[in-house]
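Engineer: Dropping in work_14.cif, with mmCIF, C-alpha atoms and all ligand atoms.
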data_my_file
loop_
_atom_site.label_atom_id
_atom_site.label_comp_id
_atom_site.auth_asym_id
_atom_site.auth_seq_id
_atom_site.Cartn_x
_atom_site.Cartn_y
_atom_site.Cartn_z
CA MET A 19 7.86 7.42 28.66
CA ILE A 20 10.82 9.56 27.68
CA GLU A 21 10.34 11.10 24.28
CA THR A 22 13.11 10.70 21.75
CA SER A 23 14.26 13.74 19.85
CA LEU A 24 12.41 12.30 16.85
CA ALA A 25 9.11 13.75 18.12
CA ASP A 26 10.68 17.21 18.23
CA ARG A 27 12.20 16.78 14.81
CA LEU A 28 8.85 15.78 13.33
CA ARG A 29 7.10 18.70 15.06
CA ARG A 30 9.62 21.13 13.59
CA LEU A 31 9.27 19.54 10.15
CA ILE A 32 5.47 19.78 10.23
CA ALA A 33 5.53 23.32 11.60
CA SER A 34 7.84 24.53 8.85
CA ALA A 35 6.85 22.43 5.82
CA GLY A 36 3.28 21.37 6.62
CA PRO A 37 1.63 18.01 7.40
CA ILE A 38 3.48 14.82 6.39
CA PRO A 39 2.12 11.53 4.96
CA VAL A 40 1.35 8.72 7.43
CA SER A 41 3.99 6.64 5.61
CA LEU A 42 6.77 9.10 6.46
CA TYR A 43 5.62 9.33 10.08
CA MET A 44 5.61 5.53 10.37
CA ALA A 45 8.94 5.05 8.59
CA GLU A 46 10.70 7.61 10.79
CA ALA A 47 9.09 6.31 13.97
CA ASN A 48 10.06 2.67 13.32
CA ALA A 49 13.59 3.51 12.17
CA ALA A 50 14.13 5.35 15.47
CA TYR A 51 12.31 2.70 17.50
CA TYR A 52 14.13 -0.39 16.16
CA GLY A 53 17.40 1.43 15.67
CA THR A 54 17.88 2.00 19.37
CA ARG A 55 16.50 -1.05 21.16
CA ASP A 56 15.67 -4.73 21.25
CA PRO A 57 11.91 -4.63 21.96
CA LEU A 58 11.31 -8.38 21.85
CA GLY A 59 9.90 -9.76 25.08
CA ARG A 60 9.69 -6.28 26.56
CA ASP A 61 7.34 -4.36 24.25
CA PHE A 62 5.90 -7.37 22.40
CA ILE A 63 6.54 -11.05 21.75
CA THR A 64 6.68 -12.91 18.44
CA ALA A 65 6.13 -16.54 17.41
CA PRO A 66 9.84 -17.55 17.35
CA GLU A 67 10.23 -16.07 20.86
CA VAL A 68 7.19 -18.02 22.11
CA SER A 69 8.70 -21.41 21.22
CA GLN A 70 11.66 -23.00 19.46
CA MET A 71 9.10 -25.13 17.59
CA PHE A 72 8.22 -22.24 15.28
CA GLY A 73 11.74 -21.83 13.86
CA GLU A 74 12.32 -25.58 13.82
CA LEU A 75 9.25 -26.16 11.66
CA VAL A 76 10.33 -23.35 9.32
CA GLY A 77 13.74 -25.09 9.03
CA LEU A 78 12.01 -28.40 8.37
CA TRP A 79 9.84 -26.76 5.67
CA ILE A 80 12.96 -25.41 3.96
CA ALA A 81 14.95 -28.65 4.26
CA ASP A 82 12.06 -30.70 2.86
CA LEU A 83 11.57 -28.38 -0.11
CA TRP A 84 15.32 -28.17 -0.77
CA SER A 85 15.84 -31.92 -0.71
CA ARG A 86 12.88 -32.53 -3.04
CA ALA A 87 14.34 -29.85 -5.35
CA GLY A 88 17.48 -32.00 -5.67
CA ALA A 89 19.56 -30.45 -2.87
CA PRO A 90 21.14 -27.60 -4.88
CA PRO A 91 23.48 -24.99 -3.33
CA VAL A 92 21.19 -22.30 -1.81
CA ARG A 93 21.28 -19.26 0.45
CA TYR A 94 19.05 -18.61 3.47
CA VAL A 95 17.71 -15.07 3.61
CA GLU A 96 15.69 -13.61 6.46
CA LEU A 97 14.13 -10.15 6.55
CA GLY A 98 13.80 -8.42 9.93
CA PRO A 99 15.24 -11.34 11.95
CA GLY A 100 14.69 -9.68 15.36
CA ARG A 101 16.98 -11.46 17.82
CA GLY A 102 17.96 -14.15 15.31
CA THR A 103 15.99 -16.78 17.23
CA LEU A 104 13.99 -18.04 14.24
CA ALA A 105 17.15 -18.32 12.12
CA ALA A 106 19.05 -20.18 14.87
CA ASP A 107 16.19 -22.65 15.45
CA ALA A 108 15.70 -23.13 11.69
CA ALA A 109 19.45 -23.69 11.19
CA ARG A 110 19.41 -26.48 13.79
CA ALA A 111 16.54 -28.23 11.99
CA MET A 112 18.20 -27.72 8.59
CA ARG A 113 21.52 -29.13 9.85
CA ALA A 114 19.70 -32.28 10.95
CA ALA A 115 18.77 -32.66 7.26
CA ALA A 116 22.36 -31.97 6.11
CA LEU A 117 21.55 -28.42 4.95
CA ALA A 118 23.81 -25.60 6.18
CA PRO A 119 23.36 -22.68 3.77
CA PRO A 120 25.08 -19.30 4.06
CA VAL A 121 22.83 -16.94 6.09
CA HIS A 122 21.92 -13.44 4.89
CA PHE A 123 20.01 -11.03 7.10
CA VAL A 124 18.18 -7.95 5.87
CA GLU A 125 18.20 -5.72 8.94
CA THR A 126 18.63 -1.99 9.42
CA SER A 127 18.84 -1.83 13.22
CA PRO A 128 22.40 -1.84 14.64
CA THR A 129 21.09 -2.99 18.03
CA LEU A 130 19.28 -5.99 16.55
CA ARG A 131 22.21 -6.80 14.23
CA ALA A 132 24.32 -7.23 17.36
CA ALA A 133 21.71 -9.52 18.95
CA GLN A 134 21.54 -11.57 15.73
CA ALA A 135 25.33 -11.91 15.57
CA GLU A 136 25.29 -13.59 18.99
CA ARG A 137 22.80 -16.25 17.92
CA VAL A 138 23.90 -16.71 14.32
CA PRO A 139 27.66 -16.23 14.06
CA GLY A 140 28.82 -16.08 10.46
CA ALA A 141 25.71 -14.38 9.07
CA THR A 142 26.07 -11.54 6.56
CA TRP A 143 23.99 -8.36 6.92
CA HIS A 144 22.36 -6.18 4.28
CA ASP A 145 20.31 -2.99 4.41
CA ARG A 146 18.10 -4.09 1.53
CA PHE A 147 16.98 -7.37 0.00
CA ALA A 148 18.24 -6.24 -3.43
CA ASP A 149 21.83 -6.42 -2.06
CA ILE A 150 21.86 -10.25 -1.64
CA PRO A 151 24.80 -11.50 -3.75
CA GLY A 152 25.25 -14.57 -5.97
CA ASP A 153 22.95 -16.43 -8.32
CA GLU A 154 22.03 -19.54 -6.29
CA PRO A 155 18.39 -20.22 -5.41
CA LEU A 156 17.19 -18.32 -2.33
CA LEU A 157 15.15 -19.62 0.60
CA VAL A 158 13.58 -16.48 2.04
CA VAL A 159 11.82 -16.15 5.40
CA ALA A 160 10.09 -13.21 7.05
CA ASN A 161 8.10 -13.19 10.29
CA GLU A 162 6.43 -9.97 11.41
CA PHE A 163 8.56 -7.93 9.04
CA PHE A 164 5.97 -6.62 6.59
CA ASP A 165 3.67 -5.30 9.35
CA ALA A 166 6.41 -2.86 10.37
CA LEU A 167 6.84 -1.32 6.91
CA PRO A 168 5.26 2.09 6.33
CA ILE A 169 1.69 2.30 5.05
CA ARG A 170 -0.24 5.08 3.34
CA GLN A 171 -3.77 5.76 4.51
CA PHE A 172 -6.58 7.20 2.40
CA VAL A 173 -9.72 8.56 4.01
CA ARG A 174 -13.04 8.96 2.25
CA GLY A 175 -14.36 12.53 2.31
CA ARG A 176 -17.76 13.75 1.17
CA ALA A 177 -16.91 13.77 -2.54
CA ALA A 178 -13.50 12.13 -2.90
CA TRP A 179 -10.74 10.11 -1.26
CA HIS A 180 -7.95 12.00 0.46
CA GLU A 181 -4.45 11.07 1.55
CA ARG A 182 -4.31 11.04 5.32
CA LEU A 183 -1.59 13.29 6.68
CA VAL A 184 -0.11 13.82 10.12
CA THR A 185 -0.32 17.32 11.51
CA ILE A 186 0.24 18.95 14.91
CA GLU A 187 -1.99 20.83 17.29
CA GLY A 188 0.21 22.40 19.90
CA GLU A 189 2.51 19.50 20.92
CA ARG A 190 0.08 16.80 19.80
CA PHE A 191 0.29 14.81 16.59
CA LEU A 192 -2.99 14.02 14.90
CA PRO A 193 -4.21 12.64 11.58
CA ALA A 194 -5.99 14.94 9.14
CA ALA A 195 -7.34 14.62 5.62
CA GLY A 196 -4.92 16.04 3.03
CA PRO A 197 -5.35 16.64 -0.70
CA SER A 198 -7.71 14.44 -2.70
CA VAL A 199 -6.25 11.49 -4.60
CA PRO A 200 -7.30 10.30 -8.06
CA ASP A 201 -9.86 7.47 -8.15
CA ALA A 202 -7.26 5.23 -9.77
CA ALA A 203 -5.46 5.05 -6.40
CA ILE A 204 -8.49 3.26 -4.87
CA PRO A 205 -9.63 -0.27 -5.86
CA GLU A 206 -12.84 0.05 -7.87
CA SER A 207 -14.98 -1.99 -5.49
CA LEU A 208 -14.11 0.30 -2.56
CA ARG A 209 -14.37 3.73 -4.23
CA GLY A 210 -17.96 4.34 -3.16
CA ALA A 211 -17.32 3.61 0.55
CA ASP A 212 -19.01 5.68 3.26
CA GLU A 213 -17.57 9.02 4.32
CA GLY A 214 -14.90 8.50 6.98
CA SER A 215 -13.81 5.07 5.67
CA VAL A 216 -10.08 4.42 5.74
CA LEU A 217 -8.15 2.41 3.16
CA GLU A 218 -4.55 1.38 3.72
CA VAL A 219 -1.93 0.53 1.12
CA ALA A 220 1.62 -0.65 1.74
CA PRO A 221 3.79 0.42 -1.20
CA MET A 222 7.09 -0.55 0.51
CA ALA A 223 5.83 -4.03 1.35
CA ALA A 224 4.65 -4.52 -2.24
CA ALA A 225 8.01 -3.33 -3.59
CA VAL A 226 10.01 -5.67 -1.34
CA ILE A 227 7.77 -8.66 -2.18
CA GLY A 228 8.14 -7.77 -5.86
CA ASP A 229 11.95 -7.81 -5.50
CA ILE A 230 11.85 -11.19 -3.73
CA ALA A 231 9.55 -12.69 -6.37
CA ASP A 232 11.78 -11.36 -9.17
CA ALA A 233 14.86 -12.88 -7.55
CA ILE A 234 13.14 -16.23 -6.98
CA ALA A 235 11.77 -16.31 -10.53
CA ALA A 236 15.30 -15.69 -11.85
CA ARG A 237 17.41 -17.77 -9.38
CA GLY A 238 14.97 -20.41 -8.12
CA GLY A 239 13.98 -21.03 -4.51
CA ALA A 240 11.05 -20.07 -2.35
CA ALA A 241 9.77 -17.53 0.16
CA LEU A 242 7.75 -18.12 3.33
CA VAL A 243 6.05 -15.13 4.92
CA PHE A 244 4.20 -14.96 8.24
CA ASP A 245 2.37 -11.95 9.52
CA TYR A 246 -0.82 -10.81 11.11
CA GLY A 247 -3.42 -9.45 8.77
CA HIS A 248 -6.30 -10.15 6.43
CA VAL A 249 -6.74 -12.35 3.39
CA ARG A 250 -8.71 -9.80 1.31
CA THR A 251 -8.19 -6.09 0.78
CA GLY A 252 -10.70 -4.24 2.94
CA LEU A 253 -11.44 -0.97 4.66
CA GLY A 254 -10.33 -0.02 8.16
CA ASP A 255 -7.71 1.85 10.12
CA THR A 256 -5.36 -0.82 11.49
CA LEU A 257 -2.38 1.35 12.41
CA GLN A 258 -1.47 0.40 15.96
CA ALA A 259 1.19 1.15 18.51
CA VAL A 260 2.52 -1.24 21.11
CA ALA A 261 4.77 -0.52 24.05
CA ALA A 262 5.39 -2.57 27.20
CA ASN A 263 3.04 -5.30 25.91
CA ARG A 264 0.11 -2.89 25.66
CA TYR A 265 -1.69 -1.13 22.87
CA ALA A 266 -0.92 2.56 22.81
CA ASP A 267 -1.96 5.63 20.84
CA PRO A 268 -0.03 5.65 17.53
CA TRP A 269 -0.09 9.45 17.45
CA VAL A 270 1.85 9.73 20.70
CA ALA A 271 5.62 9.43 21.19
CA PRO A 272 6.79 8.44 17.67
CA GLY A 273 10.04 6.47 17.98
CA ASP A 274 9.22 5.16 21.45
CA GLN A 275 6.65 2.54 20.46
CA ASP A 276 6.32 -0.07 17.76
CA LEU A 277 4.03 0.99 14.89
CA THR A 278 2.48 -1.75 12.79
CA ALA A 279 -0.47 -2.27 10.47
CA HIS A 280 -2.34 -5.38 9.38
CA VAL A 281 -0.77 -6.97 6.32
CA ASP A 282 -3.07 -7.13 3.27
CA PHE A 283 -2.23 -10.61 1.94
CA GLN A 284 -4.26 -10.06 -1.20
CA ALA A 285 -2.09 -7.08 -2.12
CA LEU A 286 1.07 -8.95 -1.07
CA GLY A 287 0.09 -11.95 -3.19
CA ASP A 288 -0.64 -9.69 -6.17
CA ALA A 289 2.81 -8.12 -5.78
CA ALA A 290 4.40 -11.60 -5.78
CA ARG A 291 2.53 -12.90 -8.82
CA ARG A 292 5.08 -13.47 -11.54
CA GLU A 293 5.24 -15.66 -14.57
CA ARG A 294 7.74 -18.06 -13.07
CA VAL A 295 6.49 -18.10 -9.47
CA SER A 296 3.62 -20.09 -7.91
CA LEU A 297 1.75 -18.77 -4.90
CA PHE A 298 0.52 -20.89 -1.93
CA GLY A 299 -1.86 -19.68 0.77
CA PRO A 300 -2.42 -17.57 2.65
CA THR A 301 -3.51 -20.07 5.24
CA THR A 302 -3.67 -19.49 8.97
CA GLN A 303 -0.53 -19.86 11.07
CA GLY A 304 -2.40 -22.44 13.17
CA ALA A 305 -3.27 -24.57 10.14
CA TRP A 306 0.26 -24.30 8.74
CA LEU A 307 1.90 -25.33 12.04
CA SER A 308 -0.54 -28.22 12.49
CA GLU A 309 0.08 -29.39 8.94
CA MET A 310 3.85 -29.20 9.58
CA GLY A 311 3.52 -31.47 12.62
CA ILE A 312 3.65 -29.15 15.63
CA ASP A 313 1.71 -31.69 17.72
CA VAL A 314 4.30 -34.41 17.11
CA ARG A 315 7.07 -31.95 17.98
CA THR A 316 5.20 -30.85 21.14
CA GLU A 317 5.02 -34.46 22.29
CA ALA A 318 8.67 -35.16 21.51
CA LEU A 319 9.86 -32.08 23.42
CA SER A 320 7.59 -32.92 26.36
CA ARG A 321 8.88 -36.49 26.53
CA ALA A 322 12.46 -35.19 26.53
CA ALA A 323 11.71 -32.69 29.32
CA PRO A 324 8.66 -33.88 31.28
CA GLY A 325 9.05 -31.08 33.83
CA ARG A 326 8.56 -28.49 31.11
CA SER A 327 5.59 -30.22 29.54
CA PRO A 328 2.88 -27.71 30.67
CA GLU A 329 5.01 -24.81 29.43
CA ILE A 330 5.58 -26.51 26.06
CA ALA A 331 1.86 -27.27 25.69
CA SER A 332 0.92 -23.69 26.48
CA ALA A 333 3.45 -22.31 23.96
CA ARG A 334 1.96 -24.65 21.35
CA ASP A 335 -1.53 -23.33 22.15
CA ARG A 336 -0.36 -19.76 21.94
CA LEU A 337 0.97 -20.33 18.41
CA VAL A 338 -1.89 -22.51 17.13
CA SER A 339 -5.11 -21.61 18.95
CA PRO A 340 -7.47 -19.40 16.93
CA ARG A 341 -8.13 -17.44 20.11
CA GLN A 342 -4.43 -16.59 20.36
CA MET A 343 -2.02 -16.25 17.38
CA GLY A 344 -3.34 -19.16 15.31
CA ALA A 345 -5.99 -17.42 13.20
CA LEU A 346 -5.03 -13.74 13.01
CA PHE A 347 -1.55 -14.68 11.80
CA LYS A 348 -1.27 -16.05 8.27
CA ALA A 349 1.34 -17.98 6.31
CA MET A 350 1.92 -17.45 2.59
CA ALA A 351 4.58 -18.91 0.31
CA PHE A 352 5.75 -18.60 -3.24
CA VAL A 353 8.03 -20.96 -5.09
CA ALA A 354 9.98 -20.80 -8.35
CA GLU A 355 8.67 -22.66 -11.35
CA GLY A 356 10.30 -26.09 -11.51
CA TRP A 357 10.54 -26.29 -7.72
CA PRO A 358 8.34 -28.78 -5.85
CA GLN A 359 5.11 -27.89 -4.11
CA PRO A 360 5.85 -26.72 -0.54
CA ALA A 361 4.53 -28.53 2.55
CA GLY A 362 1.99 -26.97 4.89
CA PHE A 363 -0.54 -25.47 2.44
N1 LIG A 401 11.20 -11.51 12.84
C1 LIG A 401 11.50 -11.19 14.23
C2 LIG A 401 11.37 -9.69 14.56
C3 LIG A 401 10.11 -8.97 14.18
S1 LIG A 401 10.20 -7.23 14.60
C4 LIG A 401 10.64 -12.03 15.14
O1 LIG A 401 9.71 -12.65 14.64
O2 LIG A 401 10.89 -12.07 16.33
C5 LIG A 401 10.57 -6.46 13.04
C6 LIG A 401 11.97 -6.66 12.52
O3 LIG A 401 12.09 -5.99 11.27
C7 LIG A 401 13.08 -6.12 13.38
O4 LIG A 401 14.21 -6.96 13.26
C8 LIG A 401 13.33 -4.74 12.76
O5 LIG A 401 14.57 -4.18 13.10
C9 LIG A 401 13.20 -5.07 11.30
N2 LIG A 401 12.85 -3.95 10.42
C10 LIG A 401 11.82 -3.10 10.55
N3 LIG A 401 11.77 -2.23 9.52
C11 LIG A 401 12.80 -2.56 8.70
C12 LIG A 401 13.27 -2.06 7.45
N4 LIG A 401 12.67 -1.04 6.85
N5 LIG A 401 14.35 -2.65 6.89
C13 LIG A 401 14.94 -3.71 7.49
N6 LIG A 401 14.54 -4.23 8.67
C14 LIG A 401 13.49 -3.66 9.27
#
For the file at hand, write its structure as structure tokens.
Ligand code: SAH

Structural biologist:
Amino acid sequence: MIETSLADRLRRLIASAGPIPVSLYMAEANAAYYGTRDPLGRDFITAPEVSQMFGELVGLWIADLWSRAGAPPVRYVELGPGRGTLAADAARAMRAAALAPPVHFVETSPTLRAAQAERVPGATWHDRFADIPGDEPLLVVANEFFDALPIRQFVRGRAAWHERLVTIEGERFLPAAGPSVPDAAIPESLRGADEGSVLEVAPMAAAVIGDIADAIAARGGAALVFDYGHVRTGLGDTLQAVAANRYADPWVAPGDQDLTAHVDFQALGDAARRERVSLFGPTTQGAWLSEMGIDVRTEALSRAAPGRSPEIASARDRLVSPRQMGALFKAMAFVAEGWPQPAGF
């Protein structure tokens, strides 16, 4: 693995100014990582890349909700669209239901923006969700976006909780306990955890979800979020690195591997709770896809291409089976007041 200059930059920063928060390390690493490559299929694979059925069922979910809401003018927004595969598959399913909304992508990577432009010509790109124009209702989708946003880690010491920092020992990066944090930073039920326990919080993810919920409360619409993670806030170090389809050490080669953390759906749901927004889920990805009719779609695709039938069945299993992506991945939605109840939950 060839190290990017990011590792050297971070070493110099730490050597001169002292250890940095895990969140800064993760933010810098992922900006460099995604900024310079298309990792999908090479470093890791995601649900929309496993099968067209994933994006199609998302498109169906949107079209169904939109038509029951009275078919108003809307905009489609996707955060972290990767190669644009989900959006392209969803657009096909939406078109079949006479819905062809303008497409807005929130994406910071120039490399991935180019890949998205090939699959979804006519999309508009934004650096931040808050930049989406207009006042029409929004239909917002994100798959494996929130897991890539920077987390903070707190580690329980003998007498207090400490922010976890990243320091260096020679050339090596390693985590170390930093200054203590006030008790108020830690949920009450977890404050007395054993020494060495790790608690993660995702302030960026909460801020982005809060922005989406505010926009939906004000403009109408809905959001549908998929990610891997847990339903309740809990303890544990979930920061992980992936490169070439393998788990790797997150403290090695920042910028050359994908850094993610489990999404805390309880915290995400709390950040979305607004007066004029209703929350649905989280449920498992497997349950959501089954409820949306993935088995019917599997059969239809297999009938249309009998030679591909084993491949289609195995993609379905990969998305739905609890032993594969079906249980670890969750689906959660929120919908504006006055909008119908969404399918799948
Ligand atoms: N949703 C796609 C890709 C998931 S990978 C799929 O399911 O295949 C994560 C995506 O989020 C990439 O497109 C990456 O460039 C984007 N991303 C990561 N951090 C981001 C940030 N801070 N702002 C905007 N996009 C980001």

Engineer: Ranking A:Val249, A:Met112, A:Ala211, A:Val353 by minimum distance to A:Ala89 and counting all atoms listed in the file, which one comes first?

Structural biologist: A:Met112

Engineer: Between A:Ala349, A:Ala166, A:Ile38, A:Leu24, which one has atoms that come closest to ligand LIG 401 (chain A), using only C-alpha atoms and all ligand atoms?

Structural biologist: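 Under the stated criterion, the closest residue is A:Ala166.
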
Engineer: Name the residues, by chain letter and number, that sit within 6 Å of ligand LIG 401 (chain A) using only C-alpha atoms and all ligand atoms, and give them as a count of residues only.

Structural biologist: 16

Engineer: Any idea what's packed within 12 Å of A:Ala132, counting all atoms listed in the file, ignoring anything in its chain fewer than 2 positions away? Could you give it as a list in words?

Structural biologist: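 The residues satisfying every condition are Gly53, Thr54, Arg55, Asp56, Pro99, Gly100, Arg101, Gly102, Phe123, Glu125, Thr126, Ser127, Pro128, Thr129, Leu130, Gln134, Ala135, Glu136, Arg137, Val138, Pro139, Ala141, Thr142 and Trp143 of chain A.
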
Engineer: Closest to A:Thr278 among A:Trp306, A:Tyr265, A:Phe172, A:Phe72, using only C-alpha atoms?

Structural biologist: A:Tyr265

Engineer: So what do you get for atom CA of A:Thr302 versus atom CA of A:Arg334, distance-wise?

Structural biologist: 14.5 Å

Engineer: Here is a test: counting all atoms listed in the file, which residue of A:Lys348, A:His122, A:Arg182, A:Arg29 is nearest to A:Gly152?

Structural biologist: A:His122

Engineer: Leaving out A:Pro151 and any residue of its chain fewer than 5 positions from it, which residues lie within 12 Å of it when counting only C-alpha atoms, given as a VMD selection string?

Structural biologist: chain A and resid 92 to 95 120 to 123 142 to 144 146 156 233 237

Engineer: Just how far from atom CA of A:Glu213 is atom CA of A:Pro168, in Å to one decimal?

Structural biologist: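 Interatomic distance, atom CA of A:Pro168 to atom CA of A:Glu213: 23.9 Å.
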
Engineer: What is the atom CA of A:Leu253 to atom CA of A:Gly304 distance in Å?

Structural biologist: 24.8 Å

Engineer: Env of A:Asp212: 10 Å cut, atoms = only C-alpha atoms, seq-sep filter 4 positions within chain, self excluded. Answer as a PyMOL selection string.

Structural biologist: chain A and resi 173-176+208+216

Engineer: Select, from A:Pro193, A:Gly73, A:Pro300, A:Gly239, the residue with the minimum atom-to-atom distance to A:Arg170, counting only C-alpha atoms.

Structural biologist: A:Pro193

Engineer: Need to verify the contact set: A:Ile169, 12 Å, only C-alpha atoms, exclusion of same-chain residues closer than 2 positions in sequence. Can you return it as a compact mmCIF listing (two decimals) with C-alpha atoms, keeping the file's coordinate frame?

Structural biologist:
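Contents of the output file around_2.txt:
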# COMPACT_ATOMS: atom_id res chain seq x y z
CA PRO A 39 2.12 11.53 4.96
CA VAL A 40 1.35 8.72 7.43
CA SER A 41 3.99 6.64 5.61
CA LEU A 42 6.77 9.10 6.46
CA TYR A 43 5.62 9.33 10.08
CA MET A 44 5.61 5.53 10.37
CA ALA A 45 8.94 5.05 8.59
CA GLU A 46 10.70 7.61 10.79
CA ASN A 48 10.06 2.67 13.32
CA PHE A 164 5.97 -6.62 6.59
CA ASP A 165 3.67 -5.30 9.35
CA ALA A 166 6.41 -2.86 10.37
CA LEU A 167 6.84 -1.32 6.91
CA GLN A 171 -3.77 5.76 4.51
CA PHE A 172 -6.58 7.20 2.40
CA GLU A 181 -4.45 11.07 1.55
CA ARG A 182 -4.31 11.04 5.32
CA LEU A 183 -1.59 13.29 6.68
CA VAL A 216 -10.08 4.42 5.74
CA LEU A 217 -8.15 2.41 3.16
CA GLU A 218 -4.55 1.38 3.72
CA VAL A 219 -1.93 0.53 1.12
CA ALA A 220 1.62 -0.65 1.74
CA PRO A 221 3.79 0.42 -1.20
CA MET A 222 7.09 -0.55 0.51
CA ALA A 223 5.83 -4.03 1.35
CA ALA A 224 4.65 -4.52 -2.24
CA ASP A 255 -7.71 1.85 10.12
CA THR A 256 -5.36 -0.82 11.49
CA LEU A 257 -2.38 1.35 12.41
CA GLN A 258 -1.47 0.40 15.96
CA LEU A 277 4.03 0.99 14.89
CA THR A 278 2.48 -1.75 12.79
CA ALA A 279 -0.47 -2.27 10.47
CA HIS A 280 -2.34 -5.38 9.38
CA VAL A 281 -0.77 -6.97 6.32
CA ASP A 282 -3.07 -7.13 3.27

Engineer: Kindly indicate which residue among A:Leu104, A:Gly210, A:Pro91, A:Glu329 lies nearest to A:Phe244, using only C-alpha atoms for the distances.

Structural biologist: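 Checking each of A:Leu104, A:Gly210, A:Pro91, A:Glu329 against A:Phe244, counting only C-alpha atoms, the winner is A:Leu104.
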
Engineer: Determine, counting only C-alpha atoms, every residue of protein, DNA or RNA that lies within 9 Å of (1.4, 21.6, 7.0) in the file coordinates, then give the result as number ranges by chain.

Structural biologist: A: 31-38, 183-186

Engineer: Provide an axis-aligned box for all listed atoms of stretch 51-61 of chain A, padding each side by 3 Å; report its centre and its edge lengths in Å to one decimal, as AutoDock Vina command-line options.

Structural biologist:
--center_x 12.6 --center_y -3.5 --center_z 21.1 --size_x 16.5 --size_y 18.5 --size_z 16.9

Engineer: Extract, using all atoms listed in the file, all DNA, RNA and protein residues at most 10 Å from A:Ala225, discarding same-chain residues fewer than 5 positions from it, and format them as a list of chain:residue names.

Structural biologist: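 Once the nearby chain positions are removed, what remains is A:Ala220, A:Ile230, A:Ala231, A:Leu286, A:Ala289, A:Ala290.
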
Engineer: Can you put all heavy atoms back into stretch 99-103 of chain A and show it as a short mmCIF file (atom, residue, chain, number, x, y, z; two decimals), keeping the file's coordinate frame?

Structural biologist:
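That gives us selection.cif:
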data_model
loop_
_atom_site.label_atom_id
_atom_site.label_comp_id
_atom_site.auth_asym_id
_atom_site.auth_seq_id
_atom_site.Cartn_x
_atom_site.Cartn_y
_atom_site.Cartn_z
N PRO A 99 15.10 -10.12 11.12
CA PRO A 99 15.24 -11.34 11.95
C PRO A 99 15.13 -11.11 13.46
O PRO A 99 15.30 -12.09 14.20
CB PRO A 99 16.65 -11.85 11.60
CG PRO A 99 17.17 -10.94 10.54
CD PRO A 99 16.37 -9.70 10.53
N GLY A 100 14.87 -9.90 13.92
CA GLY A 100 14.69 -9.68 15.36
C GLY A 100 15.94 -10.05 16.14
O GLY A 100 17.01 -9.49 15.92
N ARG A 101 15.81 -11.01 17.05
CA ARG A 101 16.98 -11.46 17.82
C ARG A 101 17.76 -12.57 17.14
O ARG A 101 18.71 -13.08 17.72
CB ARG A 101 16.51 -12.02 19.16
CG ARG A 101 16.05 -10.96 20.09
CD ARG A 101 15.85 -11.58 21.44
NE ARG A 101 15.50 -10.55 22.37
CZ ARG A 101 14.78 -10.75 23.46
NH1 ARG A 101 14.36 -11.97 23.72
NH2 ARG A 101 14.51 -9.75 24.26
N GLY A 102 17.28 -13.04 15.99
CA GLY A 102 17.96 -14.15 15.31
C GLY A 102 17.49 -15.51 15.80
O GLY A 102 18.05 -16.54 15.42
N THR A 103 16.47 -15.52 16.63
CA THR A 103 15.99 -16.78 17.23
C THR A 103 15.42 -17.73 16.17
O THR A 103 15.75 -18.92 16.16
CB THR A 103 14.90 -16.47 18.28
OG1 THR A 103 15.45 -15.50 19.19
CG2 THR A 103 14.49 -17.71 19.05
#
